[in-house]
Every structure is written in structure tokens, then in C-alpha cells.
$ cat model_14.pdb   # PDB, C-alpha atoms and all ligand atoms
MODEL        1
ATOM      1  CA  MET A 276     112.013  83.576  78.430
ATOM      2  CA  PRO A 277     108.660  85.215  77.573
ATOM      3  CA  LYS A 278     107.572  88.490  79.093
ATOM      4  CA  PRO A 279     105.419  87.766  82.194
ATOM      5  CA  GLU A 280     101.745  88.673  81.977
ATOM      6  CA  ARG A 281     101.437  89.504  85.651
ATOM      7  CA  PHE A 282     103.539  90.118  88.736
ATOM      8  CA  LEU A 283     102.575  89.159  92.272
ATOM      9  CA  TYR A 284     104.187  91.213  94.989
ATOM     10  CA  ILE A 285     104.002  89.574  98.394
ATOM     11  CA  CYS A 286     104.937  91.612 101.430
ATOM     12  CA  THR A 287     107.324  89.641 103.610
ATOM     13  CA  ASN A 288     108.515  92.558 105.701
ATOM     14  CA  SER A 289     109.419  91.746 109.311
ATOM     15  CA  ARG A 290     109.679  93.808 112.473
ATOM     16  CA  PRO A 291     110.780  93.036 116.010
ATOM     17  CA  GLU A 292     108.294  91.031 118.062
ATOM     18  CA  GLY A 293     105.823  93.350 119.786
ATOM     19  CA  HIS A 294     106.245  96.220 117.320
ATOM     20  CA  PRO A 295     102.965  98.200 117.282
ATOM     21  CA  ARG A 296     102.563  98.047 113.500
ATOM     22  CA  GLY A 297     103.077  94.306 113.233
ATOM     23  CA  ALA A 298     104.433  92.944 109.967
ATOM     24  CA  CYS A 299     103.333  90.673 107.150
ATOM     25  CA  SER A 300     106.028  88.073 107.803
ATOM     26  CA  GLN A 301     104.710  87.516 111.331
ATOM     27  CA  LYS A 302     101.195  87.131 109.898
ATOM     28  CA  GLY A 303     102.121  84.351 107.479
ATOM     29  CA  GLY A 304     103.588  86.191 104.498
ATOM     30  CA  GLY A 305     106.215  83.466 103.982
ATOM     31  CA  ALA A 306     103.611  80.697 103.892
ATOM     32  CA  ILE A 307     101.561  82.735 101.410
ATOM     33  CA  LEU A 308     104.614  83.088  99.177
ATOM     34  CA  MET A 309     105.312  79.339  99.298
ATOM     35  CA  ARG A 310     101.692  78.432  98.499
ATOM     36  CA  PHE A 311     101.642  80.762  95.484
ATOM     37  CA  ALA A 312     104.889  79.210  94.263
ATOM     38  CA  GLU A 313     103.478  75.677  94.600
ATOM     39  CA  LEU A 314     100.206  76.476  92.868
ATOM     40  CA  LEU A 315     101.649  78.542  90.011
ATOM     41  CA  ASN A 316     103.847  75.560  89.230
ATOM     42  CA  ALA A 317     101.006  73.034  89.563
ATOM     43  CA  GLU A 318      98.622  75.113  87.433
ATOM     44  CA  GLY A 319     101.102  75.740  84.618
ATOM     45  CA  LEU A 320     101.359  79.467  85.317
ATOM     46  CA  LYS A 321     105.064  79.565  86.053
ATOM     47  CA  GLY A 322     106.667  81.923  83.529
ATOM     48  CA  LYS A 323     103.376  83.716  82.839
ATOM     49  CA  ILE A 324     103.273  85.098  86.366
ATOM     50  CA  THR A 325     106.318  86.247  88.282
ATOM     51  CA  LEU A 326     106.431  86.118  92.070
ATOM     52  CA  ALA A 327     108.324  88.792  93.937
ATOM     53  CA  THR A 328     108.647  89.705  97.581
ATOM     54  CA  SER A 329     108.222  93.270  98.705
ATOM     55  CA  GLY A 330     108.953  95.328 101.756
ATOM     56  CA  CYS A 331     106.293  97.196 103.670
ATOM     57  CA  VAL A 332     103.798  99.010 101.460
ATOM     58  CA  GLY A 333     102.008 100.816 104.293
ATOM     59  CA  PRO A 334      98.750  99.306 105.555
ATOM     60  CA  CYS A 335     100.398  96.699 107.814
ATOM     61  CA  SER A 336      97.282  96.049 109.884
ATOM     62  CA  SER A 337      95.706  94.469 106.774
ATOM     63  CA  GLY A 338      98.571  92.037 106.213
ATOM     64  CA  PRO A 339      99.622  89.775 104.815
ATOM     65  CA  LEU A 340      99.241  91.815 101.632
ATOM     66  CA  VAL A 341      99.579  90.698  98.041
ATOM     67  CA  SER A 342      99.265  92.916  94.981
ATOM     68  CA  VAL A 343      98.615  91.693  91.451
ATOM     69  CA  MET A 344     100.071  93.903  88.745
ATOM     70  CA  PRO A 345      99.304  95.336  86.253
ATOM     71  CA  ASP A 346      95.745  94.589  87.436
ATOM     72  CA  ASN A 347      96.221  96.928  90.435
ATOM     73  CA  VAL A 348      94.346  94.464  92.644
ATOM     74  CA  TRP A 349      95.391  94.370  96.303
ATOM     75  CA  TYR A 350      94.510  91.458  98.553
ATOM     76  CA  LYS A 351      94.552  91.645 102.342
ATOM     77  CA  SER A 352      94.628  89.415 105.406
ATOM     78  CA  LEU A 353      95.276  86.337 103.304
ATOM     79  CA  THR A 354      95.438  82.724 104.417
ATOM     80  CA  THR A 355      96.933  79.887 102.415
ATOM     81  CA  GLU A 356      93.374  78.739 101.584
ATOM     82  CA  ASP A 357      92.695  82.170 100.059
ATOM     83  CA  VAL A 358      95.728  81.699  97.805
ATOM     84  CA  ASP A 359      94.095  78.676  96.169
ATOM     85  CA  GLU A 360      91.003  80.726  95.354
ATOM     86  CA  ILE A 361      93.038  83.639  93.966
ATOM     87  CA  VAL A 362      95.034  81.355  91.686
ATOM     88  CA  ILE A 363      91.974  79.612  90.272
ATOM     89  CA  GLU A 364      89.566  82.540  90.108
ATOM     90  CA  HIS A 365      91.808  85.522  89.405
ATOM     91  CA  LEU A 366      95.034  84.273  87.861
ATOM     92  CA  LYS A 367      93.465  81.509  85.756
ATOM     93  CA  GLY A 368      89.907  82.800  85.391
ATOM     94  CA  ASN A 369      90.576  86.557  85.229
ATOM     95  CA  ARG A 370      87.956  87.161  87.932
ATOM     96  CA  PRO A 371      89.445  89.010  90.926
ATOM     97  CA  VAL A 372      88.246  87.695  94.293
ATOM     98  CA  THR A 373      86.470  90.848  95.439
ATOM     99  CA  ARG A 374      85.740  89.628  98.977
ATOM    100  CA  LEU A 375      89.507  89.508  99.636
ATOM    101  CA  GLU A 376      90.371  92.888  98.104
ATOM    102  CA  MET A 377      91.484  95.866 100.121
ATOM    103  CA  GLU A 378      88.993  98.679 100.402
ATOM    104  CA  ASP A 379      89.798 102.385 100.203
ATOM    105  CA  ARG A 380      89.415 102.716 103.995
ATOM    106  CA  ASP A 381      92.146 100.077 104.515
ATOM    107  CA  TRP A 382      94.656 102.593 103.177
ATOM    108  CA  GLY A 383      93.947 104.921 106.102
TER     109      GLY A 383
HETATM  110  S1  LIG B 401     104.618  94.933 106.812
HETATM  111 FE1  LIG B 401     103.475  94.313 105.067
HETATM  112  S2  LIG B 401     102.400  96.129 104.554
HETATM  113 FE2  LIG B 401     103.623  96.749 106.231
ENDMDL
END
$ encode --input "model_14.pdb" --output "C-alpha cells"
Amino acid sequence: MPKPERFLYICTNSRPEGHPRGACSQKGGGAILMRFAELLNAEGLKGKITLATSGCVGPCSSGPLVSVMPDNVWYKSLTTEDVDEIVIEHLKGNRPVTRLEMEDRDWG
């Protein structure tokens, strides 16, 4: 098995319904994970990019969050349609999708 080129960390943390911080799983983190898995397979990236789930990384109000390492690119408030664009533009084309990236102020 070759060494992966990149890792995607997808927050799938959950909290009780009504929790003031919310959580990425309640905002679609699981669907985001499944869409990445489908597309990495379809685009021949399986093995080059490893998918991993993560717990809460802090800025929950910007969820669902996905980080791409070692690029240190953090995506926020993703939809499954955004996943398609990230796979084609960033993971295949090496052009991060800047409009979806977290900004410094999102970290609080
Ligand atoms: S629950 Fe995902 S960042 Fe906090």
C-alpha cells in the first residue's frame, strides 16, 4: 500500500439535540463523508487520499468542517455539492476552492 499523498479529516462529532454549539453530524457531516468516499473511488483517488473522521476541532458554528492535510486547508459549511467541486478542483487539480475555506475570524 503506497503512502497517501493527502488526508481528509471530516468532523462527524455529535451532540444532544438542542445543544447550543450544534455539531457537524447534525449539519450533514455523515453525508459529506459518504460523498467524498464515492467520488474518491470514482475519480481514481482512493489510496492516494485517505479519509478519516474526526471529533470536534472547535469552530462548530462553521460546520460541517473538513480539513485537507498536509495542505492545511480548512473547508466550512459544506454541502454535498461542494464536495464535488473540492474533489475536482483541489484534490485533482491542486487548486483549493478559496470561496469555501475558513477565514481567520471563523476560528474566533
Ligand atoms: S462539532 Fe465539528 S467542529 Fe465542533
$ resolve_selection --input "model_14.pdb" --expression "the PyMOL selection byres (((not hetatm)) within 9 of (chain B and resi 401))" --output "VMD selection string"
chain A and resid 285 to 290 296 to 302 304 329 to 341
$ atom_distance --input "model_14.pdb" --atom1 "CA of His365 in chain A" --atom2 "CA of Gly303 in chain A"
20.8 Å
$ closest_residue --input "model_14.pdb" --among "A:Val358, A:Lys323, A:Pro277, A:Lys351" --to "Arg374 in chain A" --atoms "only C-alpha atoms"
A:Lys351
$ axis_aligned_box --input "model_14.pdb" --around "range 318-334 of chain A" --padding-each-side "6 Å" --output "JSON"
{"center_x": 103.8, "center_y": 88.0, "center_z": 94.2, "size_x": 22.3, "size_y": 37.7, "size_z": 34.7}
$ atom_distance --input "model_14.pdb" --atom1 "CA of Leu308 in chain A" --atom2 "CA of Thr355 in chain A"
8.9 Å
$ atom_distance --input "model_14.pdb" --atom1 "CA of Glu360 in chain A" --atom2 "CA of Val348 in chain A"
14.4 Å
$ residues_around --input "model_14.pdb" --residues "Thr325 in chain A" --least-positions-apart "3" --cutoff "8 Å" --atoms "all atoms listed in the file" --output "PyMOL selection string"
chain A and resi 279+281-283+321-322
$ closest_residue --input "model_14.pdb" --among "A:Ser342, A:Gly383, A:Arg370, A:Val362" --to "Ala317 in chain A" --atoms "only C-alpha atoms"
A:Val362
$ closest_residue --input "model_14.pdb" --among "A:Leu375, A:Lys278, A:Leu314, A:Leu326" --to "Thr354 in chain A" --atoms "all atoms listed in the file"
A:Leu375
$ closest_residue --input "model_14.pdb" --among "A:Trp349, A:Met344, A:Arg380, A:Leu320" --to "Gly368 in chain A" --atoms "all atoms listed in the file"
A:Leu320
$ closest_residue --input "model_14.pdb" --among "A:Asn369, A:Glu378, A:Pro295, A:Glu318" --to "Ser352 in chain A" --atoms "all atoms listed in the file"
A:Glu378
$ closest_residue --input "model_14.pdb" --among "A:Asp381, A:Glu376, A:Asp359, A:Glu292" --to "Ala312 in chain A" --atoms "only C-alpha atoms"
A:Asp359
$ decode --input "model_14.pdb" --residues "range 324-351 of chain A" --atoms "N, CA and C atoms" --output "mmCIF file, in the first residue's frame"
data_model
loop_
_atom_site.group_PDB
_atom_site.id
_atom_site.type_symbol
_atom_site.label_atom_id
_atom_site.label_comp_id
_atom_site.auth_asym_id
_atom_site.auth_seq_id
_atom_site.Cartn_x
_atom_site.Cartn_y
_atom_site.Cartn_z
ATOM 1 N N ILE A 324 -5.488 9.360 -1.419
ATOM 2 C CA ILE A 324 -6.072 10.231 -0.394
ATOM 3 C C ILE A 324 -6.803 9.351 0.612
ATOM 4 N N THR A 325 -6.496 9.561 1.875
ATOM 5 C CA THR A 325 -7.132 8.786 2.930
ATOM 6 C C THR A 325 -8.189 9.625 3.631
ATOM 7 N N LEU A 326 -9.366 9.046 3.787
ATOM 8 C CA LEU A 326 -10.458 9.695 4.507
ATOM 9 C C LEU A 326 -10.419 9.275 5.966
ATOM 10 N N ALA A 327 -10.620 10.243 6.835
ATOM 11 C CA ALA A 327 -10.701 9.924 8.263
ATOM 12 C C ALA A 327 -11.755 10.809 8.902
ATOM 13 N N THR A 328 -12.437 10.291 9.885
ATOM 14 C CA THR A 328 -13.373 11.117 10.642
ATOM 15 C C THR A 328 -12.625 11.741 11.819
ATOM 16 N N SER A 329 -13.128 12.874 12.249
ATOM 17 C CA SER A 329 -12.527 13.491 13.434
ATOM 18 C C SER A 329 -13.623 13.881 14.405
ATOM 19 N N GLY A 330 -13.218 14.127 15.626
ATOM 20 C CA GLY A 330 -14.105 14.727 16.606
ATOM 21 C C GLY A 330 -14.103 16.235 16.416
ATOM 22 N N CYS A 331 -14.696 16.913 17.348
ATOM 23 C CA CYS A 331 -14.807 18.371 17.278
ATOM 24 C C CYS A 331 -13.420 19.006 17.248
ATOM 25 N N VAL A 332 -13.245 19.958 16.333
ATOM 26 C CA VAL A 332 -11.986 20.693 16.256
ATOM 27 C C VAL A 332 -12.144 22.142 16.701
ATOM 28 N N GLY A 333 -13.338 22.534 17.138
ATOM 29 C CA GLY A 333 -13.508 23.843 17.756
ATOM 30 C C GLY A 333 -14.574 24.746 17.176
ATOM 31 N N PRO A 334 -14.432 25.188 15.924
ATOM 32 C CA PRO A 334 -15.368 26.185 15.403
ATOM 33 C C PRO A 334 -16.667 25.551 14.869
ATOM 34 N N CYS A 335 -17.452 24.996 15.774
ATOM 35 C CA CYS A 335 -18.637 24.202 15.410
ATOM 36 C C CYS A 335 -19.659 24.989 14.589
ATOM 37 N N SER A 336 -19.745 26.294 14.818
ATOM 38 C CA SER A 336 -20.755 27.066 14.094
ATOM 39 C C SER A 336 -20.469 27.109 12.599
ATOM 40 N N SER A 337 -19.248 26.759 12.189
ATOM 41 C CA SER A 337 -18.885 26.747 10.769
ATOM 42 C C SER A 337 -18.995 25.361 10.152
ATOM 43 N N GLY A 338 -19.554 24.410 10.874
ATOM 44 C CA GLY A 338 -19.635 23.042 10.380
ATOM 45 C C GLY A 338 -20.651 22.851 9.277
ATOM 46 N N PRO A 339 -20.578 21.741 8.568
ATOM 47 C CA PRO A 339 -19.581 20.693 8.752
ATOM 48 C C PRO A 339 -18.203 21.092 8.202
ATOM 49 N N LEU A 340 -17.181 20.734 8.967
ATOM 50 C CA LEU A 340 -15.803 21.090 8.650
ATOM 51 C C LEU A 340 -15.038 19.921 8.060
ATOM 52 N N VAL A 341 -14.176 20.261 7.107
ATOM 53 C CA VAL A 341 -13.279 19.265 6.515
ATOM 54 C C VAL A 341 -11.908 19.904 6.389
ATOM 55 N N SER A 342 -10.868 19.228 6.838
ATOM 56 C CA SER A 342 -9.516 19.727 6.631
ATOM 57 C C SER A 342 -8.785 18.812 5.662
ATOM 58 N N VAL A 343 -7.920 19.417 4.869
ATOM 59 C CA VAL A 343 -7.101 18.691 3.897
ATOM 60 C C VAL A 343 -5.663 18.859 4.339
ATOM 61 N N MET A 344 -5.024 17.751 4.665
ATOM 62 C CA MET A 344 -3.645 17.776 5.139
ATOM 63 C C MET A 344 -2.760 16.966 4.193
ATOM 64 N N PRO A 345 -1.512 17.349 3.972
ATOM 65 C CA PRO A 345 -0.772 18.399 4.683
ATOM 66 C C PRO A 345 -0.972 19.809 4.119
ATOM 67 N N ASP A 346 -1.966 20.021 3.282
ATOM 68 C CA ASP A 346 -2.177 21.335 2.675
ATOM 69 C C ASP A 346 -2.551 22.405 3.702
ATOM 70 N N ASN A 347 -3.064 21.979 4.853
ATOM 71 C CA ASN A 347 -3.567 22.901 5.885
ATOM 72 C C ASN A 347 -4.673 23.789 5.329
ATOM 73 N N VAL A 348 -5.545 23.203 4.535
ATOM 74 C CA VAL A 348 -6.726 23.903 4.018
ATOM 75 C C VAL A 348 -7.929 23.397 4.800
ATOM 76 N N TRP A 349 -8.741 24.346 5.273
ATOM 77 C CA TRP A 349 -9.921 24.018 6.082
ATOM 78 C C TRP A 349 -11.161 24.519 5.372
ATOM 79 N N TYR A 350 -12.093 23.614 5.123
ATOM 80 C CA TYR A 350 -13.341 23.990 4.464
ATOM 81 C C TYR A 350 -14.468 24.009 5.487
ATOM 82 N N LYS A 351 -15.422 24.934 5.262
ATOM 83 C CA LYS A 351 -16.508 25.110 6.228
ATOM 84 C C LYS A 351 -17.878 25.047 5.565
#
